[in-house]
Amino acid sequence: MLASLGFVASCAGAASLLELESGPGRLGPVSWDGAELQRRLGQSESSGLEIQLFGLRLLKSLPPGDLSLSCRHWVVAPERGRCTGGRLIAPEDWLALEGEMELEGSASDDTGHRLRLEHPQLALTLDWSPEIGLDIKLDRLDLAVLGPVLESRLALGTVGGSVSGSVRADRQGLRAELVTEGAFFDTPDGRFAGDGLDLALGLVTTAESEDLNLSVRQTAGELLLDTVYLPPPDQAIELEATLGLTVPGRMNIEGLRLEDPGSLSLRGSAELAAGESGWALQRLVIEALDARLSELWPRWLEGPAAAAGFPDFSARGQISGTLDWRVDGEARVDLQAEGLSLEDPRERAGVRGLNAELSGTDEALRVGLAWEALNLLGLPLGAGRARLHRDEVGLRLLDPVRVALFDGALVIDGLALLEPPALESKLVLDARIEPLDLARLTRALGLPELGGQLAGSFPGVTYRDQRLAFTGGIQIDAFSGRIDVQDLVIERVFGSAPALTAQIELERLDLLELTGAFGFGRMEGQASGWIRDLRLLSWRPVAMDARFFTHEDAPRRRISQRAVDNLSSLGGGGSAVISGTILRLFEDFPYQRAGLACRLANNICQLDGVARHESGGFLIVEGRGLPRLDIVGHRRLVDWPQLINQLAGMIERGSAQSGEGQGSAAP
């Protein structure tokens, strides 16, 4: 075990010094570069003793350090020596520990030379002999004592609790069986923490191999692993793995087994590499996966989902399969999901009865989906199927997908996520809406109920660099007319302060359906117009050039009393030009034409009507017949936020009323 041995003896007065030096040595996985023993001999039976190990390594993969064991008073008895007070200074890279202890040495025919160390304060007992090896017993050792080494090597903030068990190193290897009680830890950034942890840990390595066999069994306590929060387990969680640490800066994990009864069963392997920001995953192999979402979601996935903005989700179903992923190479996957359901209490998104299959490699990946029902933004979508294929160009939808929605349907004719090499990814979508009841749609979305049908096409939709562009335009059939949206672009659609620009044309919308939907007051006729150069910031208009006007060839053109009042108010101090007393005798009035325009900039709306009025104002409604009613606006510049508040108040009051009279005046 000792490569070389040197001897030095000297005398100084009544005292003498005995020194023994040795070269490199090894005991199983434990090795050292050199050793030194010093013993000072005095006139009495007592003397000083110091033992030092230089370049001590517990494993090749760990950095070396020096260990010093000293005794001030070493009393020699027949075949036995005893130290009534001593100090142990462990390598700083492992543990900076100093303390008084009892040290006892002996020599016998059975065990040869033997050294026994007890430290009551640390609840630690150490037995060592060259023939047997090193045996350490721990009895509720305070983990705070290990704080310096754990904090430096594991980047921990605080450590506590107790650990009991044994550690044995001999010619065969290193074995440890430890149990923690009420252990706790955290990191300075608060991302990782544990409390009340009861763990059973096993460590085994052999003299022939640097591989470290690890087993962990958790029976109590809670863990926070970044966004993953694991509450105390109902049944014991078990983890097993073999860690290969022979190459500095790399870790191979073989024989990985994780069992969380009722929620997760996983077997596989992994490779990690050390970097500036810590260990990074280089390869992950899952040989067998069995995940049951009803238990897995609240324990493992609820935290990451909440961090992504989807709290309070519930899930059920089963996921199984295999995976081979490499950070710089080809990935292979074969995963299946059966009976998967996700429910969002806010009804933003959800799926029921999803069966999915994901198989293939990076060069040819196949995706198959089939579901019973979908929920998107509160809209109940029906059953459907989809097949997708991914290759070096990107992900493509192989067949059109049709999903029922109320009495209509949403149809996706084409979908592609293009990821050409060395270029930015791009999403391309071709979709259309088959006619559906607009009233049911707006009720489901929590919007004012609109009449008529909604139909439209969405050709050439693209998404790139947080920019969603409807390059082909959108045609929407609504209010018995048509709404044509061109040049629609949404920037930062999923980020902060989203911006929207568009050009909108309105063609012959039925005013009775339109005004009835918003409770603005009844108005009959047809209207067209435009909203040009529209710009929204955080979904609020900040610029536009808008104009709405009625058609004089519409067969029936009438306006109700409440609509007159509201238009007069919106007209910037407008007025109805007939006697107020006479006005209240009628429930509605015939009109010749009507219109209103707004040019918005810098929070100011510049108003206009269908023509100039002799009073110097502008005509919003031009009456006809008896009683003739003209609505004239007098203030052209109106504060935009104030105008919006006025309009919102009118709609709110109109919705609260049960309805208005259905009588009519003579045309």
# chains A, B, ... in the order shown; residues from 1 in each chain; ligands from 1
>>> select_by_dssp(residues="stretch 441-597 of chain A", states="alpha helix (DSSP H)", output="count of residues only")
26
>>> closest_atom_pairs(of="stretch 242-335 of chain A", to="stretch 203-222 of chain A", cutoff="12 Å", atoms="only C-alpha atoms", output="CSV")
residue,atom,partner,partner_atom,distance
A:Thr242,CA,A:Asn213,CA,4.3
A:Leu243,CA,A:Leu212,CA,4.9
A:Gly244,CA,A:Asp211,CA,4.6
A:Leu245,CA,A:Asp211,CA,6.4
A:Thr246,CA,A:Glu210,CA,6.1
A:Val247,CA,A:Glu210,CA,9.9
A:Pro248,CA,A:Glu210,CA,11.9
A:Met251,CA,A:Asp211,CA,9.9
A:Asn252,CA,A:Asp211,CA,9.1
A:Ile253,CA,A:Asp211,CA,9.4
A:Glu254,CA,A:Asn213,CA,9.2
A:Gly255,CA,A:Asn213,CA,9.1
A:Leu256,CA,A:Leu214,CA,9.5
A:Arg257,CA,A:Ser215,CA,9.3
A:Leu258,CA,A:Val216,CA,9.6
A:Glu259,CA,A:Arg217,CA,9.6
A:Asp260,CA,A:Gln218,CA,9.8
A:Pro261,CA,A:Gln218,CA,11.8
A:Arg299,CA,A:Glu222,CA,10.6
>>> select_by_dssp(residues="stretch 313-534 of chain A", states="strand (DSSP E)", output="PyMOL selection string")
chain A and resi 314-326+332-343+349-361+365-371+373-376+379-381+384-390+394-397+401-405+408-418+426-437+453-464+467-470+474-478+481-491+499-510+526-534
>>> write_last_selection(atoms="C-alpha atoms", output="CSV table (one decimal), in the first residue's frame")
chain,number,residue,atom,x,y,z
A,314,SER,CA,-56.6,19.6,-14.8
A,315,ALA,CA,-55.4,16.6,-16.8
A,316,ARG,CA,-56.0,13.0,-17.3
A,317,GLY,CA,-54.9,10.3,-19.7
A,318,GLN,CA,-51.7,8.2,-20.2
A,319,ILE,CA,-48.5,8.8,-22.1
A,320,SER,CA,-46.0,6.0,-22.9
A,321,GLY,CA,-43.1,5.4,-25.3
A,322,THR,CA,-39.4,5.9,-25.9
A,323,LEU,CA,-37.1,8.7,-26.8
A,324,ASP,CA,-33.5,9.2,-27.9
A,325,TRP,CA,-32.5,12.9,-28.0
A,326,ARG,CA,-29.1,14.4,-28.6
A,332,ARG,CA,-35.7,9.4,-32.4
A,333,VAL,CA,-39.0,9.3,-30.7
A,334,ASP,CA,-41.9,6.9,-30.4
A,335,LEU,CA,-44.6,8.3,-28.0
A,336,GLN,CA,-48.3,7.6,-27.6
A,337,ALA,CA,-51.0,9.4,-25.7
A,338,GLU,CA,-54.3,7.7,-24.9
A,339,GLY,CA,-57.5,9.3,-23.6
A,340,LEU,CA,-55.7,12.5,-22.9
A,341,SER,CA,-57.8,15.5,-21.6
A,342,LEU,CA,-56.8,19.0,-20.5
A,343,GLU,CA,-59.3,21.3,-19.0
A,349,ALA,CA,-57.9,26.1,-24.3
A,350,GLY,CA,-58.7,22.5,-23.7
A,351,VAL,CA,-59.0,19.0,-25.3
A,352,ARG,CA,-61.0,15.9,-24.5
A,353,GLY,CA,-60.4,12.4,-25.6
A,354,LEU,CA,-57.2,13.0,-27.4
A,355,ASN,CA,-55.3,10.0,-28.9
A,356,ALA,CA,-51.9,10.9,-30.3
A,357,GLU,CA,-48.9,9.2,-31.9
A,358,LEU,CA,-45.5,10.8,-32.4
A,359,SER,CA,-42.9,8.6,-34.1
A,360,GLY,CA,-39.8,8.9,-36.3
A,361,THR,CA,-36.6,11.0,-36.4
A,365,LEU,CA,-41.3,12.6,-38.0
A,366,ARG,CA,-44.9,11.5,-38.2
A,367,VAL,CA,-47.7,13.0,-36.0
A,368,GLY,CA,-51.2,11.6,-35.8
A,369,LEU,CA,-54.0,13.2,-33.7
A,370,ALA,CA,-57.6,12.3,-33.1
A,371,TRP,CA,-59.8,14.0,-30.6
A,373,ALA,CA,-63.7,17.8,-28.6
A,374,LEU,CA,-61.7,21.0,-28.4
A,375,ASN,CA,-62.2,24.2,-26.5
A,376,LEU,CA,-60.5,27.3,-27.9
A,379,LEU,CA,-65.6,28.0,-28.4
A,380,PRO,CA,-66.8,24.4,-28.4
A,381,LEU,CA,-65.1,22.7,-31.4
A,384,GLY,CA,-61.5,15.8,-35.7
A,385,ARG,CA,-58.4,14.1,-37.0
A,386,ALA,CA,-55.1,15.5,-38.2
A,387,ARG,CA,-51.9,14.0,-39.8
A,388,LEU,CA,-48.7,15.9,-39.9
A,389,HIS,CA,-45.2,15.3,-41.2
A,390,ARG,CA,-41.9,16.9,-40.3
A,394,GLY,CA,-40.4,21.9,-41.5
A,395,LEU,CA,-43.8,20.6,-40.3
A,396,ARG,CA,-46.7,20.2,-42.7
A,397,LEU,CA,-50.3,19.3,-42.5
A,401,VAL,CA,-58.9,19.3,-41.2
A,402,ARG,CA,-62.6,20.1,-40.6
A,403,VAL,CA,-63.9,20.8,-37.1
A,404,ALA,CA,-67.6,21.5,-36.4
A,405,LEU,CA,-68.4,24.8,-34.7
A,408,GLY,CA,-70.9,25.7,-39.2
A,409,ALA,CA,-67.3,24.6,-39.2
A,410,LEU,CA,-63.6,25.7,-39.1
A,411,VAL,CA,-61.6,24.2,-42.0
A,412,ILE,CA,-57.8,24.2,-42.2
A,413,ASP,CA,-56.9,23.6,-45.8
A,414,GLY,CA,-53.1,24.0,-45.2
A,415,LEU,CA,-50.7,24.5,-42.4
A,416,ALA,CA,-46.9,24.5,-42.4
A,417,LEU,CA,-44.2,25.5,-40.0
A,418,LEU,CA,-41.3,26.1,-42.3
A,426,LYS,CA,-42.2,30.8,-40.6
A,427,LEU,CA,-45.8,29.6,-40.0
A,428,VAL,CA,-48.1,29.5,-43.0
A,429,LEU,CA,-51.9,28.9,-42.7
A,430,ASP,CA,-54.8,28.6,-45.1
A,431,ALA,CA,-58.1,28.4,-43.4
A,432,ARG,CA,-61.8,29.2,-43.8
A,433,ILE,CA,-65.0,29.4,-41.8
A,434,GLU,CA,-68.1,27.7,-43.1
A,435,PRO,CA,-71.2,29.8,-42.4
A,436,LEU,CA,-72.2,29.7,-38.7
A,437,ASP,CA,-74.7,31.5,-36.5
A,453,GLN,CA,-74.0,34.6,-40.1
A,454,LEU,CA,-70.3,34.6,-40.0
A,455,ALA,CA,-68.3,33.1,-42.9
A,456,GLY,CA,-64.8,34.0,-44.2
A,457,SER,CA,-61.6,32.8,-45.7
A,458,PHE,CA,-58.1,33.3,-44.3
A,459,PRO,CA,-55.6,32.5,-47.1
A,460,GLY,CA,-51.9,33.0,-46.8
A,461,VAL,CA,-51.7,33.7,-43.0
A,462,THR,CA,-48.0,33.8,-42.0
A,463,TYR,CA,-46.2,34.2,-38.6
A,464,ARG,CA,-42.6,35.1,-38.3
A,467,ARG,CA,-45.4,39.2,-36.6
A,468,LEU,CA,-48.7,37.7,-37.7
A,469,ALA,CA,-49.7,38.8,-41.3
A,470,PHE,CA,-52.9,37.9,-43.2
A,474,ILE,CA,-60.1,38.2,-44.9
A,475,GLN,CA,-63.7,38.2,-46.1
A,476,ILE,CA,-66.4,38.0,-43.4
A,477,ASP,CA,-70.1,37.7,-44.2
A,478,ALA,CA,-71.9,39.4,-41.3
A,481,GLY,CA,-73.4,42.2,-45.7
A,482,ARG,CA,-69.7,41.8,-46.1
A,483,ILE,CA,-66.6,43.0,-44.2
A,484,ASP,CA,-63.4,42.9,-46.1
A,485,VAL,CA,-60.2,43.1,-44.1
A,486,GLN,CA,-56.9,43.7,-46.0
A,487,ASP,CA,-53.3,44.1,-45.0
A,488,LEU,CA,-54.0,42.8,-41.5
A,489,VAL,CA,-50.8,42.6,-39.5
A,490,ILE,CA,-50.4,41.9,-35.8
A,491,GLU,CA,-47.0,42.5,-34.1
A,499,ALA,CA,-49.8,46.3,-32.3
A,500,LEU,CA,-52.4,45.8,-35.1
A,501,THR,CA,-52.7,47.5,-38.5
A,502,ALA,CA,-55.4,46.9,-41.2
A,503,GLN,CA,-57.5,48.3,-44.0
A,504,ILE,CA,-61.3,47.5,-43.6
A,505,GLU,CA,-64.1,47.9,-46.1
A,506,LEU,CA,-67.8,47.5,-45.1
A,507,GLU,CA,-70.4,46.7,-47.7
A,508,ARG,CA,-74.2,47.1,-47.2
A,509,LEU,CA,-74.4,46.0,-43.5
A,510,ASP,CA,-78.0,45.7,-42.2
A,526,GLN,CA,-78.1,49.6,-45.0
A,527,ALA,CA,-74.7,51.1,-44.4
A,528,SER,CA,-71.3,50.9,-46.0
A,529,GLY,CA,-68.0,52.5,-45.3
A,530,TRP,CA,-64.4,52.0,-44.4
A,531,ILE,CA,-61.7,52.1,-41.7
A,532,ARG,CA,-58.5,52.9,-43.4
A,533,ASP,CA,-55.0,53.0,-41.9
A,534,LEU,CA,-56.3,51.5,-38.7
>>> residues_around(residues="stretch 134-140 of chain A", least_positions_apart="2", cutoff="6 Å", atoms="only C-alpha atoms", output="VMD selection string")
chain A and resid 123 to 128 162 to 169
>>> atom_distance(atom1="atom CA of A:Ile620", atom2="atom CA of A:Phe518")
19.5 Å
